[in-house]
>>> print(open('work_31.pdb').read())   # PDB, C-alpha atoms, pLDDT in the B column
ATOM      1  CA  MET A   1      -2.436  -0.118 -15.293  1.00 97.00           C
ATOM      2  CA  LYS A   2       0.002  -1.873 -12.996  1.00 98.00           C
ATOM      3  CA  VAL A   3       1.569  -5.226 -13.835  1.00 98.00           C
ATOM      4  CA  ALA A   4       3.466  -7.472 -11.437  1.00 98.00           C
ATOM      5  CA  LEU A   5       6.150  -9.580 -13.077  1.00 98.00           C
ATOM      6  CA  GLY A   6       8.320 -12.419 -11.895  1.00 98.00           C
ATOM      7  CA  CYS A   7      10.500 -15.177 -13.235  1.00 98.00           C
ATOM      8  CA  ASP A   8      12.890 -17.888 -12.225  1.00 98.00           C
ATOM      9  CA  HIS A   9      16.323 -18.500 -13.719  1.00 97.00           C
ATOM     10  CA  GLY A  10      14.693 -20.007 -16.829  1.00 97.00           C
ATOM     11  CA  GLY A  11      12.950 -16.734 -17.636  1.00 97.00           C
ATOM     12  CA  PHE A  12      15.592 -14.312 -16.429  1.00 97.00           C
ATOM     13  CA  ASP A  13      17.087 -13.537 -19.848  1.00 96.00           C
ATOM     14  CA  VAL A  14      13.630 -12.705 -21.274  1.00 97.00           C
ATOM     15  CA  ILE A  15      11.874 -10.773 -18.506  1.00 97.00           C
ATOM     16  CA  SER A  16      13.884  -7.577 -18.998  1.00 97.00           C
ATOM     17  CA  ASN A  17      12.593  -7.369 -22.596  1.00 97.00           C
ATOM     18  CA  VAL A  18       9.030  -7.533 -21.291  1.00 98.00           C
ATOM     19  CA  VAL A  19       9.619  -4.915 -18.594  1.00 98.00           C
ATOM     20  CA  LYS A  20      11.302  -2.531 -21.052  1.00 98.00           C
ATOM     21  CA  TYR A  21       8.478  -2.940 -23.547  1.00 98.00           C
ATOM     22  CA  LEU A  22       5.768  -2.328 -20.950  1.00 98.00           C
ATOM     23  CA  GLU A  23       7.562   0.734 -19.601  1.00 98.00           C
ATOM     24  CA  THR A  24       7.694   2.216 -23.134  1.00 98.00           C
ATOM     25  CA  LYS A  25       3.903   1.832 -23.179  1.00 97.00           C
ATOM     26  CA  GLY A  26       3.625   3.751 -19.898  1.00 98.00           C
ATOM     27  CA  ILE A  27       2.654   0.680 -17.886  1.00 98.00           C
ATOM     28  CA  ASP A  28       3.736   0.620 -14.245  1.00 98.00           C
ATOM     29  CA  CYS A  29       5.827  -2.526 -13.678  1.00 98.00           C
ATOM     30  CA  ASP A  30       6.427  -4.159 -10.313  1.00 98.00           C
ATOM     31  CA  TYR A  31       9.211  -6.678 -10.897  1.00 98.00           C
ATOM     32  CA  VAL A  32       9.670  -9.071  -7.966  1.00 98.00           C
ATOM     33  CA  GLY A  33      12.616 -11.106  -9.249  1.00 96.00           C
ATOM     34  CA  THR A  34      14.620 -13.262  -9.660  1.00 98.00           C
ATOM     35  CA  PHE A  35      17.649 -11.062 -10.099  1.00 97.00           C
ATOM     36  CA  SER A  36      20.183 -13.435 -11.663  1.00 96.00           C
ATOM     37  CA  ASN A  37      20.574 -16.603 -13.729  1.00 95.00           C
ATOM     38  CA  ASP A  38      21.334 -18.573 -10.563  1.00 97.00           C
ATOM     39  CA  SER A  39      19.083 -21.562 -10.028  1.00 97.00           C
ATOM     40  CA  CYS A  40      16.082 -20.695  -7.868  1.00 97.00           C
ATOM     41  CA  ASP A  41      12.617 -21.964  -7.044  1.00 98.00           C
ATOM     42  CA  TYR A  42       9.836 -20.741  -9.350  1.00 98.00           C
ATOM     43  CA  PRO A  43       7.071 -21.118  -6.708  1.00 98.00           C
ATOM     44  CA  ASP A  44       8.606 -18.275  -4.691  1.00 98.00           C
ATOM     45  CA  PHE A  45       8.272 -15.767  -7.529  1.00 98.00           C
ATOM     46  CA  ALA A  46       4.893 -16.980  -8.775  1.00 98.00           C
ATOM     47  CA  LYS A  47       3.557 -16.556  -5.246  1.00 98.00           C
ATOM     48  CA  LEU A  48       4.902 -13.004  -4.935  1.00 98.00           C
ATOM     49  CA  VAL A  49       3.362 -11.913  -8.232  1.00 98.00           C
ATOM     50  CA  CYS A  50       0.007 -13.567  -7.604  1.00 98.00           C
ATOM     51  CA  GLU A  51      -0.301 -12.169  -4.094  1.00 98.00           C
ATOM     52  CA  LYS A  52       0.015  -8.698  -5.622  1.00 98.00           C
ATOM     53  CA  VAL A  53      -2.715  -9.437  -8.157  1.00 98.00           C
ATOM     54  CA  ALA A  54      -5.014 -11.149  -5.643  1.00 98.00           C
ATOM     55  CA  SER A  55      -4.692  -8.187  -3.242  1.00 98.00           C
ATOM     56  CA  ASN A  56      -5.292  -5.665  -6.060  1.00 98.00           C
ATOM     57  CA  GLU A  57      -1.794  -4.188  -5.714  1.00 98.00           C
ATOM     58  CA  ALA A  58      -1.440  -5.045  -9.405  1.00 98.00           C
ATOM     59  CA  ASP A  59      -4.024  -5.398 -12.155  1.00 98.00           C
ATOM     60  CA  TYR A  60      -2.291  -8.275 -13.935  1.00 98.00           C
ATOM     61  CA  GLY A  61       0.581 -10.681 -13.470  1.00 99.00           C
ATOM     62  CA  ILE A  62       3.196 -11.959 -15.893  1.00 99.00           C
ATOM     63  CA  LEU A  63       5.195 -15.073 -15.001  1.00 98.00           C
ATOM     64  CA  ILE A  64       8.082 -16.520 -17.007  1.00 98.00           C
ATOM     65  CA  CYS A  65       9.977 -19.723 -16.377  1.00 98.00           C
ATOM     66  CA  GLY A  66      11.435 -22.344 -18.698  1.00 97.00           C
ATOM     67  CA  THR A  67       8.090 -23.765 -19.784  1.00 98.00           C
ATOM     68  CA  GLY A  68       5.497 -21.655 -17.968  1.00 98.00           C
ATOM     69  CA  ILE A  69       3.896 -24.818 -16.628  1.00 98.00           C
ATOM     70  CA  GLY A  70       5.225 -24.760 -13.065  1.00 97.00           C
ATOM     71  CA  MET A  71       4.460 -21.074 -12.656  1.00 97.00           C
ATOM     72  CA  SER A  72       0.882 -21.592 -13.879  1.00 98.00           C
ATOM     73  CA  ILE A  73       0.334 -24.439 -11.429  1.00 98.00           C
ATOM     74  CA  VAL A  74       1.494 -22.299  -8.509  1.00 98.00           C
ATOM     75  CA  ALA A  75      -0.540 -19.294  -9.650  1.00 98.00           C
ATOM     76  CA  ASN A  76      -3.774 -21.260  -9.759  1.00 97.00           C
ATOM     77  CA  LYS A  77      -3.310 -22.335  -6.141  1.00 96.00           C
ATOM     78  CA  ILE A  78      -3.875 -18.744  -5.014  1.00 96.00           C
ATOM     79  CA  LYS A  79      -7.438 -17.626  -4.432  1.00 96.00           C
ATOM     80  CA  GLY A  80      -8.524 -14.927  -6.856  1.00 96.00           C
ATOM     81  CA  ILE A  81      -6.066 -15.891  -9.568  1.00 98.00           C
ATOM     82  CA  ARG A  82      -7.064 -17.204 -12.962  1.00 98.00           C
ATOM     83  CA  CYS A  83      -3.791 -17.998 -14.709  1.00 98.00           C
ATOM     84  CA  ALA A  84      -3.329 -19.413 -18.179  1.00 98.00           C
ATOM     85  CA  HIS A  85      -0.259 -21.059 -19.604  1.00 98.00           C
ATOM     86  CA  VAL A  86       0.212 -19.193 -22.900  1.00 98.00           C
ATOM     87  CA  ASN A  87       2.444 -20.190 -25.807  1.00 96.00           C
ATOM     88  CA  ASP A  88       0.746 -18.577 -28.794  1.00 98.00           C
ATOM     89  CA  ALA A  89      -1.052 -15.393 -29.821  1.00 98.00           C
ATOM     90  CA  PHE A  90      -4.481 -17.029 -30.039  1.00 98.00           C
ATOM     91  CA  SER A  91      -4.279 -18.256 -26.427  1.00 98.00           C
ATOM     92  CA  ALA A  92      -2.995 -14.876 -25.235  1.00 98.00           C
ATOM     93  CA  GLU A  93      -6.069 -13.223 -26.717  1.00 98.00           C
ATOM     94  CA  PHE A  94      -8.756 -15.733 -25.855  1.00 98.00           C
ATOM     95  CA  THR A  95      -7.652 -16.353 -22.291  1.00 98.00           C
ATOM     96  CA  ARG A  96      -8.597 -12.715 -21.650  1.00 98.00           C
ATOM     97  CA  ARG A  97     -11.571 -12.590 -24.024  1.00 98.00           C
ATOM     98  CA  HIS A  98     -13.280 -15.745 -22.707  1.00 98.00           C
ATOM     99  CA  ASN A  99     -11.721 -16.562 -19.315  1.00 98.00           C
ATOM    100  CA  ASP A 100     -11.008 -13.118 -17.864  1.00 98.00           C
ATOM    101  CA  THR A 101      -7.601 -14.320 -16.704  1.00 98.00           C
ATOM    102  CA  ASN A 102      -5.550 -11.963 -14.606  1.00 98.00           C
ATOM    103  CA  VAL A 103      -2.195 -13.752 -14.866  1.00 99.00           C
ATOM    104  CA  ILE A 104      -0.340 -15.479 -17.681  1.00 98.00           C
ATOM    105  CA  ALA A 105       2.588 -17.863 -17.481  1.00 98.00           C
ATOM    106  CA  LEU A 106       4.994 -18.102 -20.389  1.00 98.00           C
ATOM    107  CA  GLY A 107       7.860 -20.385 -21.306  1.00 98.00           C
ATOM    108  CA  ALA A 108      11.205 -18.860 -22.266  1.00 98.00           C
ATOM    109  CA  ARG A 109      12.324 -22.238 -23.631  1.00 97.00           C
ATOM    110  CA  ILE A 110       9.189 -22.500 -25.768  1.00 97.00           C
ATOM    111  CA  ALA A 111       8.807 -19.021 -27.266  1.00 98.00           C
ATOM    112  CA  THR A 112      11.319 -16.382 -28.320  1.00 98.00           C
ATOM    113  CA  ALA A 113      11.690 -13.133 -26.403  1.00 97.00           C
ATOM    114  CA  SER A 114       9.900 -11.191 -29.150  1.00 98.00           C
ATOM    115  CA  GLU A 115       7.047 -13.718 -29.219  1.00 98.00           C
ATOM    116  CA  ILE A 116       6.673 -13.442 -25.443  1.00 98.00           C
ATOM    117  CA  VAL A 117       6.536  -9.638 -25.654  1.00 98.00           C
ATOM    118  CA  ASN A 118       3.868  -9.990 -28.350  1.00 98.00           C
ATOM    119  CA  TYR A 119       1.804 -12.411 -26.227  1.00 98.00           C
ATOM    120  CA  VAL A 120       2.010 -10.062 -23.247  1.00 98.00           C
ATOM    121  CA  ASP A 121       0.911  -7.137 -25.429  1.00 98.00           C
ATOM    122  CA  ILE A 122      -2.066  -9.094 -26.769  1.00 98.00           C
ATOM    123  CA  PHE A 123      -3.027 -10.268 -23.284  1.00 98.00           C
ATOM    124  CA  LEU A 124      -2.940  -6.783 -21.772  1.00 98.00           C
ATOM    125  CA  ASN A 125      -4.822  -5.184 -24.673  1.00 98.00           C
ATOM    126  CA  THR A 126      -7.674  -7.667 -24.879  1.00 98.00           C
ATOM    127  CA  GLU A 127     -10.917  -7.025 -23.017  1.00 98.00           C
ATOM    128  CA  PHE A 128     -13.089  -9.681 -21.406  1.00 98.00           C
ATOM    129  CA  GLU A 129     -16.196 -10.246 -23.537  1.00 96.00           C
ATOM    130  CA  GLY A 130     -18.531 -10.994 -20.649  1.00 96.00           C
ATOM    131  CA  GLY A 131     -21.901 -12.340 -21.738  1.00 95.00           C
ATOM    132  CA  ARG A 132     -22.065 -16.130 -21.715  1.00 95.00           C
ATOM    133  CA  HIS A 133     -18.412 -16.172 -20.672  1.00 97.00           C
ATOM    134  CA  ALA A 134     -19.197 -14.268 -17.468  1.00 97.00           C
ATOM    135  CA  ASN A 135     -21.469 -17.101 -16.391  1.00 97.00           C
ATOM    136  CA  ARG A 136     -18.626 -19.566 -16.917  1.00 96.00           C
ATOM    137  CA  VAL A 137     -16.129 -17.423 -15.021  1.00 97.00           C
ATOM    138  CA  ASN A 138     -18.674 -17.147 -12.192  1.00 96.00           C
ATOM    139  CA  LYS A 139     -18.817 -20.949 -12.075  1.00 96.00           C
ATOM    140  CA  ILE A 140     -15.032 -21.046 -11.788  1.00 95.00           C
ATOM    141  CA  THR A 141     -15.255 -18.596  -8.885  1.00 95.00           C
ATOM    142  CA  GLU A 142     -17.923 -20.749  -7.197  1.00 95.00           C
ATOM    143  CA  ILE A 143     -15.636 -23.782  -7.414  1.00 94.00           C
ATOM    144  CA  GLU A 144     -12.716 -21.720  -6.106  1.00 93.00           C
ATOM    145  CA  ASN A 145     -14.794 -20.464  -3.182  1.00 93.00           C
ATOM    146  CA  LYS A 146     -15.843 -23.988  -2.284  1.00 93.00           C
ATOM    147  CA  TYR A 147     -12.301 -25.382  -2.148  1.00 90.00           C
ATOM    148  CA  PHE A 148     -10.276 -22.315  -1.138  1.00 85.00           C
ATOM    149  CA  LYS A 149     -11.533 -20.903   2.136  1.00 74.00           C
TER     150      LYS A 149
END
>>> encode(input="work_31.pdb", output="structure tokens")
Amino acid sequence: MKVALGCDHGGFDVISNVVKYLETKGIDCDYVGTFSNDSCDYPDFAKLVCEKVASNEADYGILICGTGIGMSIVANKIKGIRCAHVNDAFSAEFTRRHNDTNVIALGARIATASEIVNYVDIFLNTEFEGGRHANRVNKITEIENKYFK
């Protein structure tokens, strides 16, 4: 499994915990930045991560900013991305189980570093259920294909 990760200055202090944890699990991490606490623009890093997922260079994407909201908005503008804004364990599980999301956006000002690592772990270890949920995901893809050429 390969995971692309990115953050802005709001997530910088947390992202290294996630990368270290994933590496201990033998997961290949592709960290695209940011590389300091200096103020930067979250769309730049969300775009880099999601392009890797959309092109199959990475299986999943992890985005961290102050709230996770801005990153999730950017992510969902990229064709092939289904990103959820996650701030609890239940959402981390069911966004994979029911929505087959391939990217999550988390808020470093909303959850602690250990909570974020836990949400990432749940997300990456939950399988898509398929069944009736596959039909719904297919409808999402149909909408995406209509509006994103």
>>> closest_residue(input="work_31.pdb", among="A:Ala54, A:Cys7, A:Val103, A:Ile27", to="Asp41 in chain A", atoms="all atoms listed in the file")
A:Cys7
>>> resolve_selection(input="work_31.pdb", expression="the PyMOL selection byres ((chain A and resi 123) around 12)", output="tab-separated table (two decimals) with C-alpha atoms, keeping the file's coordinate frame")
chain	number	residue	atom	x	y	z
A	3	VAL	CA	1.57	-5.23	-13.84
A	60	TYR	CA	-2.29	-8.28	-13.94
A	61	GLY	CA	0.58	-10.68	-13.47
A	62	ILE	CA	3.20	-11.96	-15.89
A	83	CYS	CA	-3.79	-18.00	-14.71
A	84	ALA	CA	-3.33	-19.41	-18.18
A	85	HIS	CA	-0.26	-21.06	-19.60
A	86	VAL	CA	0.21	-19.19	-22.90
A	87	ASN	CA	2.44	-20.19	-25.81
A	88	ASP	CA	0.75	-18.58	-28.79
A	89	ALA	CA	-1.05	-15.39	-29.82
A	90	PHE	CA	-4.48	-17.03	-30.04
A	91	SER	CA	-4.28	-18.26	-26.43
A	92	ALA	CA	-3.00	-14.88	-25.24
A	93	GLU	CA	-6.07	-13.22	-26.72
A	94	PHE	CA	-8.76	-15.73	-25.86
A	95	THR	CA	-7.65	-16.35	-22.29
A	96	ARG	CA	-8.60	-12.72	-21.65
A	97	ARG	CA	-11.57	-12.59	-24.02
A	98	HIS	CA	-13.28	-15.74	-22.71
A	99	ASN	CA	-11.72	-16.56	-19.32
A	100	ASP	CA	-11.01	-13.12	-17.86
A	101	THR	CA	-7.60	-14.32	-16.70
A	102	ASN	CA	-5.55	-11.96	-14.61
A	103	VAL	CA	-2.19	-13.75	-14.87
A	104	ILE	CA	-0.34	-15.48	-17.68
A	105	ALA	CA	2.59	-17.86	-17.48
A	106	LEU	CA	4.99	-18.10	-20.39
A	116	ILE	CA	6.67	-13.44	-25.44
A	117	VAL	CA	6.54	-9.64	-25.65
A	118	ASN	CA	3.87	-9.99	-28.35
A	119	TYR	CA	1.80	-12.41	-26.23
A	120	VAL	CA	2.01	-10.06	-23.25
A	121	ASP	CA	0.91	-7.14	-25.43
A	122	ILE	CA	-2.07	-9.09	-26.77
A	124	LEU	CA	-2.94	-6.78	-21.77
A	125	ASN	CA	-4.82	-5.18	-24.67
A	126	THR	CA	-7.67	-7.67	-24.88
A	127	GLU	CA	-10.92	-7.02	-23.02
A	128	PHE	CA	-13.09	-9.68	-21.41
>>> resolve_selection(input="work_31.pdb", expression="the PyMOL selection byres ((chain A and resi 56) around 12)", output="JSON, numbers by chain")
{"A": [1, 2, 3, 4, 49, 50, 51, 52, 53, 54, 55, 57, 58, 59, 60, 61, 80, 81, 102]}
>>> resolve_selection(input="work_31.pdb", expression="the PyMOL selection byres ((chain A and resi 74) around 10)", output="number ranges by chain")
A: 42-47, 50, 69-73, 75-78, 81, 83
>>> closest_residue(input="work_31.pdb", among="A:Asp30, A:Asn37, A:Ile64, A:Asp8", to="Thr112 in chain A", atoms="only C-alpha atoms")
A:Ile64
>>> atom_distance(input="work_31.pdb", atom1="CA of Asp38 in chain A", atom2="CA of Ser114 in chain A")
23.0 Å
>>> atom_distance(input="work_31.pdb", atom1="CA of Ala113 in chain A", atom2="CA of Arg82 in chain A")
23.4 Å
>>> residues_around(input="work_31.pdb", residues="Ala108 in chain A", least_positions_apart="3", cutoff="9 Å", atoms="all atoms listed in the file", output="VMD selection string")
chain A and resid 10 to 15 64 to 68 111 to 113 116
>>> atom_distance(input="work_31.pdb", atom1="CA of Phe35 in chain A", atom2="CA of Gly107 in chain A")
17.6 Å
>>> closest_residue(input="work_31.pdb", among="A:Thr34, A:Leu63, A:Phe148, A:His133", to="Leu5 in chain A", atoms="all atoms listed in the file")
A:Leu63
>>> closest_residue(input="work_31.pdb", among="A:Asn138, A:Arg109, A:Val32, A:Tyr147", to="Val19 in chain A", atoms="all atoms listed in the file")
A:Val32
